[in-house]
$ cat coords_34.cif   # mmCIF, C-alpha atoms
data_model
loop_
_atom_site.label_atom_id
_atom_site.label_comp_id
_atom_site.auth_asym_id
_atom_site.auth_seq_id
_atom_site.Cartn_x
_atom_site.Cartn_y
_atom_site.Cartn_z
CA MET H 1 -1.77 4.82 -15.14
CA ASN H 2 0.36 2.33 -17.05
CA ILE H 3 3.89 2.13 -15.76
CA LYS H 4 6.71 0.77 -17.89
CA ASN H 5 9.15 -1.81 -16.52
CA THR H 6 6.97 -2.60 -13.49
CA LEU H 7 8.56 -6.04 -13.15
CA LEU H 8 12.06 -4.58 -13.16
CA GLN H 9 11.10 -1.97 -10.56
CA PHE H 10 9.44 -4.62 -8.37
CA LYS H 11 12.56 -6.76 -8.59
CA GLU H 12 14.71 -3.86 -7.48
CA GLY H 13 12.34 -2.94 -4.66
CA LEU H 14 11.93 -6.55 -3.51
CA HIS H 15 15.64 -7.38 -3.69
CA LYS H 16 16.00 -8.11 0.04
CA SER H 17 12.76 -10.08 0.20
CA ARG H 18 13.65 -12.10 -2.89
CA ILE H 19 17.08 -13.07 -1.54
CA GLU H 20 15.60 -14.03 1.81
CA LEU H 21 12.63 -16.03 0.50
CA ALA H 22 13.66 -17.38 -2.90
CA ASN H 23 17.03 -18.70 -1.74
CA LYS H 24 15.53 -20.49 1.24
CA LEU H 25 12.69 -21.87 -0.87
CA GLY H 26 15.19 -23.20 -3.38
CA PHE H 27 17.00 -25.07 -0.65
CA LEU H 28 13.74 -26.28 0.86
CA PHE H 29 12.26 -27.49 -2.40
CA SER H 30 15.41 -29.39 -3.31
CA ASN H 31 16.53 -30.80 0.05
CA SER H 32 13.52 -31.79 2.13
CA GLN H 33 13.73 -35.38 3.36
CA ASN H 34 10.05 -36.20 3.04
CA LYS H 35 6.61 -34.62 2.68
CA SER H 36 6.14 -34.06 6.40
CA ASP H 37 9.55 -32.41 6.71
CA PHE H 38 8.85 -30.25 3.67
CA LEU H 39 5.45 -29.03 4.92
CA GLU H 40 6.80 -28.21 8.37
CA LYS H 41 9.73 -26.21 7.00
CA LEU H 42 7.54 -24.49 4.39
CA GLU H 43 5.11 -23.35 7.08
CA GLU H 44 7.93 -21.97 9.21
CA LEU H 45 9.51 -20.12 6.29
CA LEU H 46 6.23 -18.51 5.20
CA ILE H 47 5.45 -17.35 8.73
CA LEU H 48 8.94 -15.86 9.09
CA SER H 49 8.41 -14.07 5.76
CA ASP H 50 5.34 -12.32 7.22
CA LEU H 51 2.72 -14.00 5.06
CA GLY H 52 0.61 -14.41 8.19
CA THR H 53 -1.04 -17.49 9.66
CA SER H 54 -4.16 -17.48 7.45
CA ALA H 55 -2.32 -17.27 4.13
CA THR H 56 0.30 -19.75 5.34
CA ALA H 57 -2.36 -22.27 6.34
CA GLU H 58 -4.01 -21.99 2.92
CA ILE H 59 -0.71 -22.46 1.09
CA VAL H 60 0.33 -25.47 3.19
CA ALA H 61 -3.12 -27.02 2.66
CA GLU H 62 -2.62 -26.75 -1.11
CA PHE H 63 0.76 -28.47 -0.92
CA LYS H 64 -0.66 -31.25 1.24
CA GLN H 65 -2.73 -32.35 -1.77
CA ILE H 66 0.35 -33.03 -3.88
CA ASN H 67 1.73 -36.53 -4.45
CA PHE H 68 5.36 -35.69 -3.80
CA LYS H 69 6.68 -38.94 -5.26
CA GLU H 70 5.62 -37.85 -8.75
CA TYR H 71 7.94 -34.82 -8.63
CA LYS H 72 10.98 -36.28 -6.94
CA ASP H 73 13.36 -35.51 -9.81
CA ASN H 74 12.04 -32.07 -10.73
CA ASN H 75 10.60 -30.75 -7.50
CA PHE H 76 12.21 -27.32 -7.45
CA SER H 77 10.64 -25.90 -10.62
CA PHE H 78 7.30 -27.59 -9.99
CA PHE H 79 6.98 -26.46 -6.39
CA LYS H 80 8.04 -22.91 -7.20
CA GLU H 81 5.48 -22.64 -9.98
CA LYS H 82 2.87 -24.16 -7.69
CA LEU H 83 3.63 -21.53 -5.02
CA LYS H 84 3.47 -18.75 -7.62
CA HIS H 85 0.05 -19.93 -8.73
CA ILE H 86 -1.26 -20.04 -5.15
CA LEU H 87 0.07 -16.57 -4.29
CA ILE H 88 -1.33 -14.98 -7.45
CA ASN H 89 -4.72 -16.49 -6.70
CA LEU H 90 -4.55 -15.10 -3.16
CA LEU H 91 -3.79 -11.63 -4.51
CA ASN H 92 -5.66 -11.67 -7.80
CA SER H 93 -8.82 -9.90 -6.64
CA THR H 94 -6.68 -6.91 -5.74
CA ALA H 95 -7.68 -3.77 -7.67
CA LEU H 96 -4.78 -2.44 -9.70
CA ASP H 97 -5.38 1.24 -9.15
CA PHE H 98 -7.77 3.87 -7.95
CA LYS H 99 -10.01 5.29 -10.65
CA ILE H 100 -10.08 8.92 -11.70
CA ASN H 101 -13.48 10.27 -12.70
CA GLU H 102 -12.85 12.54 -15.66
CA ASP H 103 -16.13 14.43 -15.23
CA GLY H 104 -16.04 15.32 -11.55
CA LEU H 105 -13.96 15.95 -8.45
CA ASN H 106 -11.77 13.13 -7.16
CA ILE H 107 -10.72 13.16 -3.51
CA ILE H 108 -7.81 11.08 -2.29
CA MET H 109 -7.46 11.03 1.49
CA LEU H 110 -4.17 9.61 2.75
CA VAL H 111 -4.14 8.10 6.23
CA GLY H 112 -1.64 6.15 8.31
CA VAL H 113 0.66 6.44 11.29
CA ASN H 114 3.47 8.98 11.39
CA GLY H 115 6.52 7.80 9.52
CA SER H 116 4.60 5.54 7.14
CA GLY H 117 5.20 7.84 4.17
CA LYS H 118 1.86 9.66 3.73
CA THR H 119 3.31 12.98 2.68
CA SER H 120 5.82 11.41 0.30
CA VAL H 121 3.08 9.30 -1.31
CA ALA H 122 0.91 12.42 -1.62
CA GLY H 123 3.70 14.05 -3.61
CA LYS H 124 4.21 10.98 -5.78
CA ILE H 125 0.50 10.67 -6.57
CA ALA H 126 0.39 14.38 -7.38
CA TYR H 127 3.39 13.99 -9.69
CA ARG H 128 1.79 11.06 -11.50
CA LEU H 129 -1.57 12.78 -11.94
CA LYS H 130 0.04 16.07 -12.98
CA ASN H 131 1.71 14.17 -15.81
CA MET H 132 -1.77 12.99 -16.80
CA ASN H 133 -2.82 16.64 -17.11
CA LYS H 134 -4.97 16.64 -13.98
CA ASP H 135 -5.61 19.88 -12.11
CA ILE H 136 -4.54 19.07 -8.57
CA LEU H 137 -4.90 20.71 -5.16
CA LEU H 138 -2.98 19.49 -2.11
CA ILE H 139 -4.54 19.94 1.33
CA PRO H 140 -2.25 19.83 4.40
CA ALA H 141 -4.62 18.43 7.02
CA ASP H 142 -1.75 17.32 9.26
CA THR H 143 -1.83 20.72 10.95
CA PHE H 144 -0.41 19.54 14.27
CA ARG H 145 3.12 19.39 12.86
CA ALA H 146 4.61 22.44 11.18
CA ALA H 147 7.16 20.14 9.54
CA ALA H 148 4.37 18.22 7.80
CA ILE H 149 2.92 21.39 6.26
CA GLN H 150 6.38 22.50 5.16
CA GLN H 151 7.22 19.10 3.67
CA LEU H 152 4.02 19.03 1.65
CA LYS H 153 4.66 22.58 0.43
CA ILE H 154 8.13 21.60 -0.76
CA LEU H 155 6.66 18.68 -2.67
CA ALA H 156 3.88 20.84 -4.13
CA ASP H 157 6.46 23.30 -5.45
CA LYS H 158 8.63 20.50 -6.79
CA VAL H 159 5.73 18.85 -8.62
CA GLY H 160 4.28 22.17 -9.77
CA VAL H 161 0.85 21.96 -8.16
CA GLU H 162 -0.99 24.20 -5.75
CA MET H 163 -1.35 23.67 -2.00
CA ILE H 164 -3.82 25.65 0.09
CA ASN H 165 -2.30 27.79 2.81
CA THR H 166 -2.80 26.89 6.44
CA LYS H 167 -1.10 27.31 9.78
CA GLU H 168 0.11 24.91 12.44
CA GLY H 169 -2.69 24.17 14.89
CA ALA H 170 -5.56 24.91 12.51
CA ASP H 171 -8.57 22.62 12.72
CA PRO H 172 -7.92 19.84 10.15
CA ALA H 173 -11.59 19.40 9.21
CA SER H 174 -11.93 23.13 8.59
CA VAL H 175 -8.84 23.07 6.38
CA VAL H 176 -10.36 20.22 4.37
CA TYR H 177 -13.67 22.10 4.10
CA ASP H 178 -11.86 25.18 2.73
CA GLY H 179 -9.86 23.02 0.33
CA ILE H 180 -12.91 21.28 -1.09
CA SER H 181 -14.70 24.62 -1.48
CA ASN H 182 -11.67 25.99 -3.34
CA ALA H 183 -11.52 22.89 -5.56
CA ARG H 184 -15.19 23.06 -6.48
CA VAL H 185 -15.16 26.76 -7.30
CA ARG H 186 -12.03 26.42 -9.42
CA LYS H 187 -13.18 23.12 -10.99
CA ARG H 188 -10.21 21.05 -9.88
CA ASN H 189 -9.90 17.42 -11.00
CA VAL H 190 -8.19 16.03 -7.92
CA VAL H 191 -7.84 16.91 -4.25
CA ILE H 192 -5.15 15.07 -2.27
CA ILE H 193 -5.48 15.31 1.51
CA ASP H 194 -2.48 14.64 3.77
CA THR H 195 -3.61 13.78 7.32
CA ALA H 196 -2.05 13.36 10.74
CA GLY H 197 -0.73 10.04 11.99
CA ARG H 198 -0.45 11.12 15.59
CA LEU H 199 -1.90 14.05 17.53
CA HIS H 200 -0.08 16.00 20.21
CA THR H 201 -3.35 16.65 21.99
CA LYS H 202 -5.96 14.68 23.89
CA ILE H 203 -8.05 14.42 20.74
CA ASN H 204 -8.40 10.85 19.51
CA LEU H 205 -6.76 10.43 16.11
CA MET H 206 -9.46 8.22 14.65
CA LYS H 207 -12.21 10.58 15.79
CA GLU H 208 -10.40 13.44 14.07
CA LEU H 209 -10.04 11.46 10.85
CA GLU H 210 -13.69 10.40 11.01
CA LYS H 211 -14.61 14.09 11.32
CA ILE H 212 -12.62 14.85 8.17
CA LYS H 213 -14.40 12.06 6.32
CA ARG H 214 -17.79 13.42 7.41
CA VAL H 215 -16.86 16.84 6.03
CA ILE H 216 -15.86 15.26 2.72
CA LEU H 217 -19.08 13.27 2.45
CA LYS H 218 -21.19 16.31 3.32
CA GLU H 219 -19.44 18.86 1.12
CA ALA H 220 -18.55 16.62 -1.83
CA ASN H 221 -21.02 13.75 -1.67
CA ASN H 222 -21.06 13.38 -5.45
CA SER H 223 -17.29 13.14 -5.69
CA SER H 224 -15.14 10.05 -6.01
CA LEU H 225 -13.47 9.29 -2.67
CA GLU H 226 -10.46 7.05 -2.14
CA ILE H 227 -9.14 6.51 1.38
CA ILE H 228 -5.62 5.20 0.93
CA GLN H 229 -3.67 3.98 3.93
CA THR H 230 0.10 4.12 3.75
CA ILE H 231 1.81 1.22 5.49
CA ASP H 232 5.52 0.95 6.18
CA ALA H 233 6.36 -2.55 4.90
CA THR H 234 9.26 -2.82 7.36
CA MET H 235 6.70 -2.93 10.20
CA GLY H 236 5.83 -6.53 9.35
CA GLN H 237 2.89 -8.01 11.24
CA ASN H 238 2.38 -4.79 13.21
CA ALA H 239 1.07 -3.37 9.92
CA ILE H 240 -1.91 -5.74 10.10
CA ALA H 241 -3.09 -4.22 13.38
CA GLN H 242 -2.63 -0.71 11.96
CA ALA H 243 -4.61 -1.51 8.84
CA GLU H 244 -7.38 -3.15 10.83
CA SER H 245 -7.75 -0.10 13.09
CA PHE H 246 -7.88 2.45 10.25
CA HIS H 247 -10.18 0.28 8.17
CA LYS H 248 -12.65 -0.17 11.02
CA SER H 249 -12.90 3.59 11.58
CA LEU H 250 -12.70 4.89 8.03
CA GLY H 251 -13.42 2.16 5.51
CA VAL H 252 -10.02 2.15 3.81
CA THR H 253 -10.38 1.59 0.07
CA GLY H 254 -6.77 0.68 -0.65
CA ILE H 255 -3.24 0.30 0.68
CA ALA H 256 -0.08 2.06 -0.47
CA LEU H 257 2.86 0.00 0.76
CA THR H 258 5.98 2.07 1.36
CA LYS H 259 9.64 1.23 2.00
CA MET H 260 9.34 -2.13 0.29
CA ASP H 261 13.00 -1.79 -0.67
CA GLY H 262 13.94 -1.67 3.01
CA THR H 263 12.48 -4.97 4.14
CA ALA H 264 13.27 -8.65 3.66
CA LYS H 265 9.66 -9.58 4.46
CA GLY H 266 7.66 -8.67 1.37
CA GLY H 267 5.12 -11.34 2.30
CA ILE H 268 3.23 -8.70 4.29
CA VAL H 269 1.40 -7.90 1.03
CA ILE H 270 -0.18 -11.35 1.04
CA ALA H 271 -1.04 -11.14 4.75
CA ILE H 272 -2.86 -7.81 4.34
CA LYS H 273 -4.92 -9.12 1.45
CA LYS H 274 -5.74 -12.46 3.08
CA ASP H 275 -6.45 -11.22 6.61
CA LEU H 276 -8.23 -7.94 5.86
CA ASP H 277 -9.29 -8.16 2.21
CA ILE H 278 -8.10 -4.60 1.61
CA PRO H 279 -6.56 -4.24 -1.85
CA VAL H 280 -2.95 -3.19 -2.10
CA LYS H 281 -3.14 -0.59 -4.87
CA LEU H 282 0.25 1.12 -4.85
CA ILE H 283 3.85 0.23 -4.03
CA SER H 284 6.42 2.89 -3.14
CA CYS H 285 10.07 1.85 -3.55
CA GLY H 286 12.58 4.68 -3.34
CA GLU H 287 12.70 8.41 -2.75
CA LYS H 288 12.14 9.78 -6.25
CA LEU H 289 8.78 11.15 -7.31
CA THR H 290 8.71 8.49 -10.03
CA ASN H 291 9.12 5.64 -7.52
CA LEU H 292 5.41 4.84 -7.22
CA TYR H 293 4.01 1.79 -8.97
CA ASN H 294 0.65 0.15 -9.52
CA PHE H 295 0.38 -3.12 -7.67
CA GLU H 296 0.13 -6.06 -10.09
CA ALA H 297 -0.19 -9.48 -8.46
CA ASP H 298 1.54 -11.54 -11.16
CA LYS H 299 4.51 -9.21 -11.47
CA PHE H 300 4.81 -8.88 -7.69
CA VAL H 301 4.90 -12.66 -7.20
CA GLU H 302 7.36 -13.16 -10.06
CA ALA H 303 9.64 -10.48 -8.61
CA LEU H 304 9.39 -12.05 -5.17
CA LEU H 305 10.26 -15.60 -6.20
CA ASP H 306 12.53 -15.36 -9.29
#

$ encode --input "coords_34.cif" --output "structure tokens"
Amino acid sequence: MNIKNTLLQFKEGLHKSRIELANKLGFLFSNSQNKSDFLEKLEELLILSDLGTSATAEIVAEFKQINFKEYKDNNFSFFKEKLKHILINLLNSTALDFKINEDGLNIIMLVGVNGSGKTSVAGKIAYRLKNMNKDILLIPADTFRAAAIQQLKILADKVGVEMINTKEGADPASVVYDGISNARVRKRNVVIIDTAGRLHTKINLMKELEKIKRVILKEANNSSLEIIQTIDATMGQNAIAQAESFHKSLGVTGIALTKMDGTAKGGIVIAIKKDLDIPVKLISCGEKLTNLYNFEADKFVEALLD
């Protein structure tokens, strides 16, 4: 899934974050009075940019090792490159993408709270894979909201892929069971499951999602399974608690960050990786079906700081 102009797209999507962080870093790197003043202000800026306490502590520790006197006349470029290097290292173990098994069924289960962009990401992934000549089936397992089923159907029609029929209030696990059965009989390449982010019943959301996962593992135990959590980047540090909860219950295999173009705190990417060690695999910036990009640590950091 190679995407052209990833750096340009990241720069557009991270425009607010870049202005907020890069400008303040430039001032900080060039105007700090001494090492102690610099480290204190750097720590504050990184925390305010949502990098989280763990990542911030590691970054500040790296800068503490520097002999600042050696870089007095050229500190801006040196310190910026130093920060880039640290951030890339923090992110570098991140997997670039989920893998598609060409010889079997691939199941992509999208999870996350309501409003985090699950259905939109489902459509974008379907669009991307359709252009790779994959045979795709969408499963609307968010059956507690008629609007969710309708939205996914609109996207399915727009992309040109099939969605199984279901009704509001149907049992989500049963819908997934039927979808997997359909996919296996018709030898589909990819099943994309859209799930609920909130239930209007007394049923616990995580228990319902765990039930869906059990159905998948029972009915398609030889299939490739990705559990992708969509996270609204504008949520900031609240996203960490969300990711931790979903990961504990489901074993999330990757993150799709949405609405990156709407936040000035793109550092949440680093916080998620450092605090939870869940790879950010996809970035969604914009409303078009084409606005889905593989996460690449070096390009992300360059777009964030330059």

$ residues_around --input "coords_34.cif" --residues "segment 214-217 of chain H" --least-positions-apart "5" --cutoff "9 Å" --atoms "all atoms listed in the file" --output "list in words"
Ile107, Ala173, Ser174, Val176, Tyr177, Ile180, Leu209, Asn222, Ser223 and Leu225 of chain H

$ closest_residue --input "coords_34.cif" --among "H:Ser245, H:Thr119, H:Gln237, H:Ser284" --to "Thr195 of chain H" --atoms "all atoms listed in the file"
H:Thr119

$ residues_around --input "coords_34.cif" --residues "Gly112 of chain H" --least-positions-apart "6" --cutoff "9 Å" --atoms "all atoms listed in the file" --output "number ranges by chain"
H: 118, 195-198, 228-231, 242-243, 246

$ residues_around --input "coords_34.cif" --residues "Asn101 of chain H" --least-positions-apart "5" --cutoff "9 Å" --atoms "all atoms listed in the file" --output "PDB file with C-alpha atoms, keeping the file's coordinate frame"
ATOM      1  CA  ASN H 106     -11.770  13.130  -7.160  1.00  0.00           C
ATOM      2  CA  ASN H 189      -9.900  17.420 -11.000  1.00  0.00           C
ATOM      3  CA  SER H 223     -17.290  13.140  -5.690  1.00  0.00           C
ATOM      4  CA  SER H 224     -15.140  10.050  -6.010  1.00  0.00           C
TER       5      SER H 224
END

$ closest_residue --input "coords_34.cif" --among "H:Asp178, H:Asp37, H:Asp142, H:Glu244" --to "Glu208 of chain H" --atoms "only C-alpha atoms"
H:Asp142

$ closest_residue --input "coords_34.cif" --among "H:Ala156, H:Ala146, H:Leu28, H:Ala233" --to "Ser77 of chain H" --atoms "all atoms listed in the file"
H:Leu28

$ closest_residue --input "coords_34.cif" --among "H:Glu219, H:Lys213, H:Val121, H:Ala22" --to "Leu257 of chain H" --atoms "only C-alpha atoms"
H:Val121

$ atom_distance --input "coords_34.cif" --atom1 "atom CA of Leu304 of chain H" --atom2 "atom CA of Ser17 of chain H"
6.6 Å

$ build_atoms --input "coords_34.cif" --residues "segment 127-148 of chain H" --atoms "N, CA and C atoms" --output "short mmCIF file (atom, residue, chain, number, x, y, z; two decimals), keeping the file's coordinate frame"
data_model
loop_
_atom_site.label_atom_id
_atom_site.label_comp_id
_atom_site.auth_asym_id
_atom_site.auth_seq_id
_atom_site.Cartn_x
_atom_site.Cartn_y
_atom_site.Cartn_z
N TYR H 127 2.48 13.97 -8.54
CA TYR H 127 3.39 13.99 -9.69
C TYR H 127 2.82 13.14 -10.83
N ARG H 128 2.34 11.95 -10.48
CA ARG H 128 1.79 11.06 -11.50
C ARG H 128 0.57 11.69 -12.18
N LEU H 129 -0.34 12.22 -11.38
CA LEU H 129 -1.57 12.78 -11.94
C LEU H 129 -1.30 14.09 -12.69
N LYS H 130 -0.32 14.84 -12.26
CA LYS H 130 0.04 16.07 -12.98
C LYS H 130 0.51 15.72 -14.39
N ASN H 131 1.24 14.61 -14.50
CA ASN H 131 1.71 14.17 -15.81
C ASN H 131 0.59 13.59 -16.66
N MET H 132 -0.58 13.40 -16.05
CA MET H 132 -1.77 12.99 -16.80
C MET H 132 -2.68 14.19 -17.06
N ASN H 133 -2.12 15.38 -16.85
CA ASN H 133 -2.82 16.64 -17.11
C ASN H 133 -4.02 16.88 -16.20
N LYS H 134 -3.93 16.37 -14.95
CA LYS H 134 -4.97 16.64 -13.98
C LYS H 134 -4.67 17.94 -13.24
N ASP H 135 -5.73 18.64 -12.86
CA ASP H 135 -5.61 19.88 -12.11
C ASP H 135 -5.73 19.53 -10.63
N ILE H 136 -4.65 19.65 -9.90
CA ILE H 136 -4.54 19.07 -8.57
C ILE H 136 -4.41 20.14 -7.48
N LEU H 137 -5.04 19.87 -6.35
CA LEU H 137 -4.90 20.71 -5.16
C LEU H 137 -4.51 19.84 -3.99
N LEU H 138 -3.41 20.21 -3.31
CA LEU H 138 -2.98 19.49 -2.11
C LEU H 138 -3.53 20.19 -0.87
N ILE H 139 -3.99 19.39 0.09
CA ILE H 139 -4.54 19.94 1.33
C ILE H 139 -3.73 19.40 2.51
N PRO H 140 -3.04 20.27 3.25
CA PRO H 140 -2.25 19.83 4.40
C PRO H 140 -3.11 19.74 5.66
N ALA H 141 -3.75 18.59 5.86
CA ALA H 141 -4.62 18.43 7.02
C ALA H 141 -3.87 17.88 8.24
N ASP H 142 -2.57 17.65 8.09
CA ASP H 142 -1.75 17.32 9.26
C ASP H 142 -1.24 18.64 9.82
N THR H 143 -2.13 19.36 10.49
CA THR H 143 -1.83 20.72 10.95
C THR H 143 -1.18 20.74 12.33
N PHE H 144 -1.00 19.59 12.93
CA PHE H 144 -0.41 19.54 14.27
C PHE H 144 1.11 19.50 14.22
N ARG H 145 1.66 19.37 13.02
CA ARG H 145 3.12 19.39 12.86
C ARG H 145 3.48 20.39 11.77
N ALA H 146 4.18 21.43 12.16
CA ALA H 146 4.61 22.44 11.18
C ALA H 146 5.47 21.80 10.11
N ALA H 147 6.27 20.81 10.50
CA ALA H 147 7.16 20.14 9.54
C ALA H 147 6.37 19.43 8.45
N ALA H 148 5.19 18.92 8.79
CA ALA H 148 4.37 18.22 7.80
C ALA H 148 3.86 19.19 6.75
#
